[in-house]
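With mmCIF, C-alpha atoms inside, this is run_4.cif:
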data_protein
loop_
_atom_site.group_PDB
_atom_site.id
_atom_site.type_symbol
_atom_site.label_atom_id
_atom_site.label_comp_id
_atom_site.auth_asym_id
_atom_site.auth_seq_id
_atom_site.Cartn_x
_atom_site.Cartn_y
_atom_site.Cartn_z
ATOM 1 C CA MET O 1 -23.222 -28.974 -19.047
ATOM 2 C CA SER O 2 -25.773 -29.893 -16.394
ATOM 3 C CA ALA O 3 -29.444 -30.417 -17.200
ATOM 4 C CA ALA O 4 -30.332 -27.305 -15.206
ATOM 5 C CA THR O 5 -28.250 -25.057 -17.449
ATOM 6 C CA GLU O 6 -29.136 -26.639 -20.801
ATOM 7 C CA GLU O 7 -31.562 -24.711 -22.939
ATOM 8 C CA GLN O 8 -34.858 -26.492 -23.267
ATOM 9 C CA GLU O 9 -36.403 -26.779 -26.726
ATOM 10 C CA PRO O 10 -39.681 -24.913 -27.089
ATOM 11 C CA PRO O 11 -42.763 -27.124 -27.004
ATOM 12 C CA PRO O 12 -44.296 -28.175 -30.317
ATOM 13 C CA ARG O 13 -47.034 -25.829 -31.534
ATOM 14 C CA VAL O 14 -50.213 -27.335 -32.951
ATOM 15 C CA PHE O 15 -53.332 -25.934 -34.535
ATOM 16 C CA ILE O 16 -56.468 -28.060 -34.328
ATOM 17 C CA SER O 17 -58.673 -28.041 -37.434
ATOM 18 C CA TYR O 18 -62.152 -29.588 -37.098
ATOM 19 C CA SER O 19 -65.801 -29.103 -37.962
ATOM 20 C CA GLN O 20 -67.672 -27.222 -35.242
ATOM 21 C CA HIS O 21 -70.991 -28.289 -36.697
ATOM 22 C CA ASP O 22 -70.726 -32.007 -36.062
ATOM 23 C CA PRO O 23 -73.037 -33.549 -33.460
ATOM 24 C CA ALA O 24 -73.292 -31.570 -30.207
ATOM 25 C CA GLU O 25 -70.713 -33.681 -28.351
ATOM 26 C CA HIS O 26 -67.967 -33.141 -30.962
ATOM 27 C CA SER O 27 -66.868 -29.573 -30.080
ATOM 28 C CA PRO O 28 -66.568 -30.350 -26.344
ATOM 29 C CA ARG O 29 -64.545 -33.452 -27.226
ATOM 30 C CA VAL O 30 -62.189 -31.386 -29.425
ATOM 31 C CA LEU O 31 -61.837 -28.911 -26.545
ATOM 32 C CA ALA O 32 -60.983 -31.760 -24.142
ATOM 33 C CA PHE O 33 -58.394 -33.002 -26.665
ATOM 34 C CA GLY O 34 -56.818 -29.531 -26.899
ATOM 35 C CA ASN O 35 -56.812 -29.148 -23.123
ATOM 36 C CA ALA O 36 -55.141 -32.562 -22.681
ATOM 37 C CA LEU O 37 -52.407 -31.621 -25.153
ATOM 38 C CA LEU O 38 -51.867 -28.342 -23.259
ATOM 39 C CA ASP O 39 -51.721 -30.237 -19.953
ATOM 40 C CA ASP O 40 -49.081 -32.493 -21.499
ATOM 41 C CA GLY O 41 -46.876 -29.555 -22.543
ATOM 42 C CA ILE O 42 -47.942 -28.994 -26.169
ATOM 43 C CA GLU O 43 -48.714 -25.415 -27.290
ATOM 44 C CA VAL O 44 -52.251 -25.516 -28.749
ATOM 45 C CA GLU O 45 -54.245 -23.086 -30.883
ATOM 46 C CA LEU O 46 -57.954 -23.789 -31.088
ATOM 47 C CA ASP O 47 -60.774 -21.491 -32.138
ATOM 48 C CA GLN O 48 -62.690 -22.293 -28.951
ATOM 49 C CA TYR O 49 -60.002 -20.469 -26.942
ATOM 50 C CA GLN O 50 -60.758 -17.258 -28.884
ATOM 51 C CA GLN O 51 -64.552 -16.997 -28.619
ATOM 52 C CA GLU O 52 -64.627 -13.790 -26.574
ATOM 53 C CA GLU O 53 -62.581 -11.748 -29.053
ATOM 54 C CA LEU O 54 -63.434 -9.857 -32.228
ATOM 55 C CA ILE O 55 -61.520 -11.858 -34.856
ATOM 56 C CA ASP O 56 -61.187 -11.889 -38.632
ATOM 57 C CA TRP O 57 -61.687 -15.671 -38.765
ATOM 58 C CA PRO O 58 -60.443 -16.381 -42.317
ATOM 59 C CA ARG O 59 -57.225 -14.491 -41.597
ATOM 60 C CA TRP O 60 -56.876 -16.074 -38.143
ATOM 61 C CA CYS O 61 -57.163 -19.562 -39.690
ATOM 62 C CA GLU O 62 -54.683 -18.756 -42.441
ATOM 63 C CA GLU O 63 -52.177 -17.454 -39.900
ATOM 64 C CA ARG O 64 -52.557 -20.544 -37.681
ATOM 65 C CA LEU O 65 -51.961 -22.853 -40.665
ATOM 66 C CA ARG O 66 -48.637 -21.218 -41.579
ATOM 67 C CA ALA O 67 -45.495 -23.198 -40.719
ATOM 68 C CA GLU O 68 -44.046 -20.252 -38.807
ATOM 69 C CA ASN O 69 -47.054 -20.321 -36.451
ATOM 70 C CA SER O 70 -47.705 -24.043 -36.043
ATOM 71 C CA ASP O 71 -45.386 -26.998 -36.266
ATOM 72 C CA PHE O 72 -48.320 -29.351 -36.879
ATOM 73 C CA VAL O 73 -51.965 -29.102 -37.909
ATOM 74 C CA LEU O 74 -54.089 -31.773 -36.268
ATOM 75 C CA MET O 75 -57.032 -32.450 -38.571
ATOM 76 C CA VAL O 76 -59.800 -33.986 -36.451
ATOM 77 C CA CYS O 77 -61.528 -36.028 -39.129
ATOM 78 C CA SER O 78 -65.229 -36.807 -39.141
ATOM 79 C CA ALA O 79 -67.689 -37.482 -41.948
ATOM 80 C CA GLU O 80 -68.867 -33.860 -41.702
ATOM 81 C CA TYR O 81 -65.299 -32.504 -41.714
ATOM 82 C CA LYS O 82 -64.502 -34.456 -44.884
ATOM 83 C CA GLN O 83 -67.700 -33.271 -46.583
ATOM 84 C CA ARG O 84 -66.867 -29.656 -45.779
ATOM 85 C CA ILE O 85 -63.153 -29.857 -46.699
ATOM 86 C CA GLU O 86 -64.101 -31.414 -50.039
ATOM 87 C CA ASN O 87 -66.939 -28.884 -50.610
ATOM 88 C CA ARG O 88 -69.655 -31.537 -50.741
ATOM 89 C CA VAL O 89 -72.166 -29.454 -48.769
ATOM 90 C CA GLY O 90 -74.525 -26.628 -49.655
ATOM 91 C CA PHE O 91 -73.107 -23.281 -50.747
ATOM 92 C CA ASP O 92 -74.011 -21.634 -47.422
ATOM 93 C CA GLU O 93 -72.540 -24.421 -45.241
ATOM 94 C CA GLY O 94 -69.061 -25.148 -43.950
ATOM 95 C CA ARG O 95 -67.228 -22.074 -45.188
ATOM 96 C CA GLY O 96 -64.624 -22.133 -42.398
ATOM 97 C CA VAL O 97 -63.602 -25.769 -42.823
ATOM 98 C CA PHE O 98 -63.686 -25.422 -46.622
ATOM 99 C CA TRP O 99 -61.380 -22.390 -46.319
ATOM 100 C CA GLU O 100 -58.967 -24.320 -44.086
ATOM 101 C CA GLY O 101 -59.086 -27.288 -46.470
ATOM 102 C CA SER O 102 -58.249 -25.095 -49.454
ATOM 103 C CA LEU O 103 -55.275 -23.625 -47.619
ATOM 104 C CA ILE O 104 -54.103 -27.088 -46.525
ATOM 105 C CA CYS O 105 -54.261 -28.274 -50.151
ATOM 106 C CA ASN O 106 -52.213 -25.251 -51.210
ATOM 107 C CA PHE O 107 -49.567 -25.835 -48.524
ATOM 108 C CA LEU O 108 -49.265 -29.505 -49.531
ATOM 109 C CA TYR O 109 -49.069 -28.550 -53.208
ATOM 110 C CA GLU O 110 -46.324 -26.002 -52.587
ATOM 111 C CA ALA O 111 -44.290 -28.372 -50.401
ATOM 112 C CA LYS O 112 -44.861 -31.427 -52.618
ATOM 113 C CA ALA O 113 -44.773 -33.299 -49.302
ATOM 114 C CA ASN O 114 -46.481 -33.529 -45.946
ATOM 115 C CA LYS O 115 -44.581 -33.020 -42.716
ATOM 116 C CA ARG O 116 -47.226 -31.089 -40.783
ATOM 117 C CA PHE O 117 -50.837 -32.077 -41.530
ATOM 118 C CA ILE O 118 -51.911 -35.011 -39.385
ATOM 119 C CA PRO O 119 -55.284 -36.744 -39.664
ATOM 120 C CA ILE O 120 -56.775 -37.625 -36.267
ATOM 121 C CA LEU O 121 -59.677 -40.042 -35.827
ATOM 122 C CA PHE O 122 -61.534 -40.029 -32.514
ATOM 123 C CA GLY O 123 -62.918 -43.283 -31.129
ATOM 124 C CA ASP O 124 -64.523 -45.468 -33.771
ATOM 125 C CA GLU O 125 -64.733 -42.784 -36.476
ATOM 126 C CA SER O 126 -64.580 -44.424 -39.894
ATOM 127 C CA GLU O 127 -61.332 -44.389 -41.873
ATOM 128 C CA SER O 128 -63.428 -43.066 -44.761
ATOM 129 C CA SER O 129 -63.744 -39.769 -42.843
ATOM 130 C CA VAL O 130 -60.156 -38.807 -43.707
ATOM 131 C CA PRO O 131 -60.172 -36.224 -46.538
ATOM 132 C CA LEU O 132 -58.623 -37.452 -49.770
ATOM 133 C CA VAL O 133 -55.871 -34.819 -49.699
ATOM 134 C CA VAL O 134 -54.310 -36.483 -46.596
ATOM 135 C CA SER O 135 -55.726 -40.005 -46.906
ATOM 136 C CA GLY O 136 -52.387 -41.605 -47.781
ATOM 137 C CA TRP O 137 -50.480 -40.132 -44.830
ATOM 138 C CA THR O 138 -49.906 -41.401 -41.314
ATOM 139 C CA ARG O 139 -52.912 -40.916 -39.064
ATOM 140 C CA PHE O 140 -53.626 -41.429 -35.398
ATOM 141 C CA ARG O 141 -56.710 -42.981 -33.810
ATOM 142 C CA VAL O 142 -57.278 -41.439 -30.386
ATOM 143 C CA ARG O 143 -59.806 -42.962 -27.980
ATOM 144 C CA ALA O 144 -58.882 -41.151 -24.744
ATOM 145 C CA PHE O 145 -56.940 -37.985 -24.006
ATOM 146 C CA GLY O 146 -53.855 -37.321 -21.928
ATOM 147 C CA ILE O 147 -50.617 -39.173 -21.309
ATOM 148 C CA ALA O 148 -51.979 -40.232 -17.919
ATOM 149 C CA SER O 149 -54.809 -42.095 -19.678
ATOM 150 C CA GLY O 150 -52.255 -44.562 -21.053
ATOM 151 C CA GLU O 151 -54.244 -44.694 -24.302
ATOM 152 C CA LEU O 152 -52.017 -46.024 -27.086
ATOM 153 C CA GLY O 153 -53.208 -43.705 -29.902
ATOM 154 C CA TYR O 154 -52.790 -40.544 -27.833
ATOM 155 C CA THR O 155 -49.391 -41.742 -26.604
ATOM 156 C CA LYS O 156 -48.208 -42.459 -30.158
ATOM 157 C CA LEU O 157 -49.392 -39.013 -31.289
ATOM 158 C CA TYR O 158 -47.665 -37.367 -28.333
ATOM 159 C CA ARG O 159 -44.428 -39.224 -29.069
ATOM 160 C CA PHE O 160 -44.651 -38.099 -32.701
ATOM 161 C CA LEU O 161 -45.320 -34.451 -31.826
ATOM 162 C CA THR O 162 -42.483 -34.344 -29.293
ATOM 163 C CA ASN O 163 -40.016 -36.360 -31.412
ATOM 164 C CA GLN O 164 -39.719 -39.096 -28.788
ATOM 165 C CA PRO O 165 -39.971 -42.351 -30.741
ATOM 166 C CA GLU O 166 -40.663 -45.461 -28.693
ATOM 167 C CA ILE O 167 -38.132 -47.402 -30.764
ATOM 168 C CA LYS O 168 -35.005 -45.645 -31.972
ATOM 169 C CA LYS O 169 -33.067 -47.130 -34.846
ATOM 170 C CA PRO O 170 -29.653 -48.149 -33.526
ATOM 171 C CA LYS O 171 -26.482 -46.947 -35.178
ATOM 172 C CA ARG O 172 -25.044 -49.208 -37.811
ATOM 173 C CA GLY O 173 -21.965 -51.054 -36.690
ATOM 174 C CA GLU O 174 -18.617 -51.262 -38.442
ATOM 175 C CA ILE O 175 -18.093 -53.730 -41.293
#

Structure translated into structure tokens:
Amino acid sequence: MSAATEEQEPPPRVFISYSQHDPAEHSPRVLAFGNALLDDGIEVELDQYQQEELIDWPRWCEERLRAENSDFVLMVCSAEYKQRIENRVGFDEGRGVFWEGSLICNFLYEAKANKRFIPILFGDESESSVPLVVSGWTRFRVRAFGIASGELGYTKLYRFLTNQPEIKKPKRGEI
């Protein structure tokens, strides 16, 4: 069968979870990250793409977190994100991220494993910004966005999302 007639696998679908209320430059950086993933062929869901619609945000978040709607959840970790996920802020702060964090905990609990929730650290963000619930899992440090940037962290994340490992384990030979 020629490459032209082979069915192409659908692109991976990701939902980006983050704290909108970090310093002013954080939301535009998350948007640039989402746009780079889209440019590189990944299907991305991000709240910033939905700002002109009337949305039931708790339900929208819950639907995006479901395995049938996203293959991966990219958790953009920051000190503020961790504080909100772990409910270490005032009662009237961080409801959205806390809600997402509660759902993520429930999904991990039900699965007794993690195959979908990926901590992402931008730039020099401290490792201590990763929420406890995912602190033991593989994470990616991303300093620049887009395959064209050649940035190692982004490239490793992209390879992971698209199941294109840089090094493939060879088949075992005969004894």

Given the PyMOL selection byres ((chain O and resi 61) around 9), the residues it picks as a ChimeraX atom specification: /O:17,47,56-60,62-66,96,99-100

Given the PyMOL selection byres ((chain O and resi 153) around 10), the residues it picks as a list in words: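 Applied to this file, the PyMOL selection byres ((chain O and resi 153) around 10) returns Ile120, Leu121, Phe122, Gly123, Arg139, Phe140, Arg141, Val142, Arg143, Ala144, Phe145, Gly150, Glu151, Leu152, Tyr154, Thr155, Lys156, Leu157, Tyr158 and Arg159 of chain O.
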
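With distances restricted to all atoms listed in the file, O:Gly146 is the closest residue to Gly34 of chain O from O:Val133, O:Pro11, O:Thr162, O:Gly146.
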
Atom pair atom CA of Pro23 of chain O / atom CA of Leu37 of chain O: separation (Å):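 Computing it gives 22.3 Å between the two atoms.
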
Excluding Lys82 of chain O and residues on its chain fewer than 5 positions from it, collect all residues at most 9 Å away from it, counting all atoms listed in the file, and give them as an mmCIF file with C-alpha atoms, keeping the file's coordinate frame.
data_model
loop_
_atom_site.group_PDB
_atom_site.id
_atom_site.type_symbol
_atom_site.label_atom_id
_atom_site.label_comp_id
_atom_site.auth_asym_id
_atom_site.auth_seq_id
_atom_site.Cartn_x
_atom_site.Cartn_y
_atom_site.Cartn_z
ATOM 1 C CA SER O 19 -65.801 -29.103 -37.962
ATOM 2 C CA CYS O 77 -61.528 -36.028 -39.129
ATOM 3 C CA ASN O 87 -66.939 -28.884 -50.610
ATOM 4 C CA ARG O 88 -69.655 -31.537 -50.741
ATOM 5 C CA VAL O 97 -63.602 -25.769 -42.823
ATOM 6 C CA SER O 128 -63.428 -43.066 -44.761
ATOM 7 C CA SER O 129 -63.744 -39.769 -42.843
ATOM 8 C CA VAL O 130 -60.156 -38.807 -43.707
ATOM 9 C CA PRO O 131 -60.172 -36.224 -46.538
ATOM 10 C CA LEU O 132 -58.623 -37.452 -49.770
#

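Atom to atom, atom CA of Asn114 of chain O and atom CA of Val30 of chain O stand 22.9 Å apart.
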
Residue among O:Val89, O:Ile16, O:Leu161, O:Ile175 lying closest to Asn35 of chain O, counting only C-alpha atoms: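 Distance minimum relative to Asn35 of chain O lands on O:Ile16.
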
Would you kindly place N, CA and C atoms on segment 84-120 of chain O and return the model as a compact mmCIF listing (two decimals), in the coordinates of the input?
# COMPACT_ATOMS: atom_id res chain seq x y z
N ARG O 84 -67.11 -31.10 -45.70
CA ARG O 84 -66.87 -29.66 -45.78
C ARG O 84 -65.52 -29.33 -46.43
N ILE O 85 -64.48 -30.07 -46.08
CA ILE O 85 -63.15 -29.86 -46.70
C ILE O 85 -63.26 -30.04 -48.21
N GLU O 86 -64.01 -31.08 -48.61
CA GLU O 86 -64.10 -31.41 -50.04
C GLU O 86 -65.25 -30.69 -50.74
N ASN O 87 -65.87 -29.72 -50.06
CA ASN O 87 -66.94 -28.88 -50.61
C ASN O 87 -68.11 -29.71 -51.15
N ARG O 88 -68.53 -30.69 -50.37
CA ARG O 88 -69.66 -31.54 -50.74
C ARG O 88 -70.89 -31.21 -49.88
N VAL O 89 -71.02 -29.94 -49.54
CA VAL O 89 -72.17 -29.45 -48.77
C VAL O 89 -72.75 -28.25 -49.51
N GLY O 90 -73.88 -27.78 -49.03
CA GLY O 90 -74.53 -26.63 -49.66
C GLY O 90 -73.64 -25.39 -49.64
N PHE O 91 -73.90 -24.49 -50.58
CA PHE O 91 -73.11 -23.28 -50.75
C PHE O 91 -72.97 -22.49 -49.45
N ASP O 92 -74.02 -22.45 -48.64
CA ASP O 92 -74.01 -21.63 -47.42
C ASP O 92 -73.57 -22.42 -46.19
N GLU O 93 -72.99 -23.60 -46.37
CA GLU O 93 -72.54 -24.42 -45.24
C GLU O 93 -71.02 -24.60 -45.26
N GLY O 94 -70.44 -24.71 -44.09
CA GLY O 94 -69.06 -25.15 -43.95
C GLY O 94 -68.00 -24.26 -44.55
N ARG O 95 -68.22 -22.96 -44.57
CA ARG O 95 -67.23 -22.07 -45.19
C ARG O 95 -65.87 -22.12 -44.48
N GLY O 96 -65.88 -22.15 -43.15
CA GLY O 96 -64.62 -22.13 -42.40
C GLY O 96 -63.76 -23.35 -42.68
N VAL O 97 -64.36 -24.54 -42.58
CA VAL O 97 -63.60 -25.77 -42.82
C VAL O 97 -63.19 -25.85 -44.29
N PHE O 98 -64.05 -25.43 -45.21
CA PHE O 98 -63.69 -25.42 -46.62
C PHE O 98 -62.48 -24.51 -46.85
N TRP O 99 -62.50 -23.34 -46.21
CA TRP O 99 -61.38 -22.39 -46.32
C TRP O 99 -60.09 -23.04 -45.82
N GLU O 100 -60.15 -23.64 -44.63
CA GLU O 100 -58.97 -24.32 -44.09
C GLU O 100 -58.50 -25.42 -45.03
N GLY O 101 -59.44 -26.21 -45.56
CA GLY O 101 -59.09 -27.29 -46.47
C GLY O 101 -58.40 -26.79 -47.73
N SER O 102 -58.88 -25.68 -48.26
CA SER O 102 -58.25 -25.10 -49.45
C SER O 102 -56.82 -24.66 -49.16
N LEU O 103 -56.62 -24.05 -48.00
CA LEU O 103 -55.28 -23.62 -47.62
C LEU O 103 -54.36 -24.83 -47.39
N ILE O 104 -54.89 -25.87 -46.75
CA ILE O 104 -54.10 -27.09 -46.52
C ILE O 104 -53.68 -27.68 -47.86
N CYS O 105 -54.60 -27.77 -48.81
CA CYS O 105 -54.26 -28.27 -50.15
C CYS O 105 -53.15 -27.44 -50.78
N ASN O 106 -53.24 -26.13 -50.64
CA ASN O 106 -52.21 -25.25 -51.21
C ASN O 106 -50.85 -25.46 -50.55
N PHE O 107 -50.83 -25.59 -49.22
CA PHE O 107 -49.57 -25.84 -48.52
C PHE O 107 -48.95 -27.16 -48.96
N LEU O 108 -49.76 -28.20 -49.10
CA LEU O 108 -49.26 -29.50 -49.53
C LEU O 108 -48.75 -29.42 -50.96
N TYR O 109 -49.47 -28.72 -51.81
CA TYR O 109 -49.07 -28.55 -53.21
C TYR O 109 -47.72 -27.85 -53.30
N GLU O 110 -47.57 -26.77 -52.55
CA GLU O 110 -46.32 -26.00 -52.59
C GLU O 110 -45.15 -26.82 -52.07
N ALA O 111 -45.37 -27.60 -51.01
CA ALA O 111 -44.29 -28.37 -50.40
C ALA O 111 -44.00 -29.67 -51.15
N LYS O 112 -44.96 -30.13 -51.94
CA LYS O 112 -44.86 -31.43 -52.62
C LYS O 112 -44.54 -32.53 -51.61
N ALA O 113 -45.01 -32.34 -50.38
CA ALA O 113 -44.77 -33.30 -49.30
C ALA O 113 -45.69 -32.94 -48.13
N ASN O 114 -45.70 -33.81 -47.15
CA ASN O 114 -46.48 -33.53 -45.95
C ASN O 114 -45.65 -33.86 -44.72
N LYS O 115 -45.30 -32.83 -43.97
CA LYS O 115 -44.58 -33.02 -42.72
C LYS O 115 -45.35 -32.42 -41.55
N ARG O 116 -46.54 -31.87 -41.83
CA ARG O 116 -47.23 -31.09 -40.78
C ARG O 116 -48.70 -31.41 -40.59
N PHE O 117 -49.38 -31.92 -41.59
CA PHE O 117 -50.84 -32.08 -41.53
C PHE O 117 -51.17 -33.52 -41.16
N ILE O 118 -51.74 -33.68 -39.96
CA ILE O 118 -51.91 -35.01 -39.38
C ILE O 118 -53.39 -35.32 -39.18
N PRO O 119 -53.89 -36.33 -39.90
CA PRO O 119 -55.28 -36.74 -39.66
C PRO O 119 -55.41 -37.43 -38.29
N ILE O 120 -56.46 -37.05 -37.57
CA ILE O 120 -56.78 -37.62 -36.27
C ILE O 120 -58.19 -38.19 -36.35
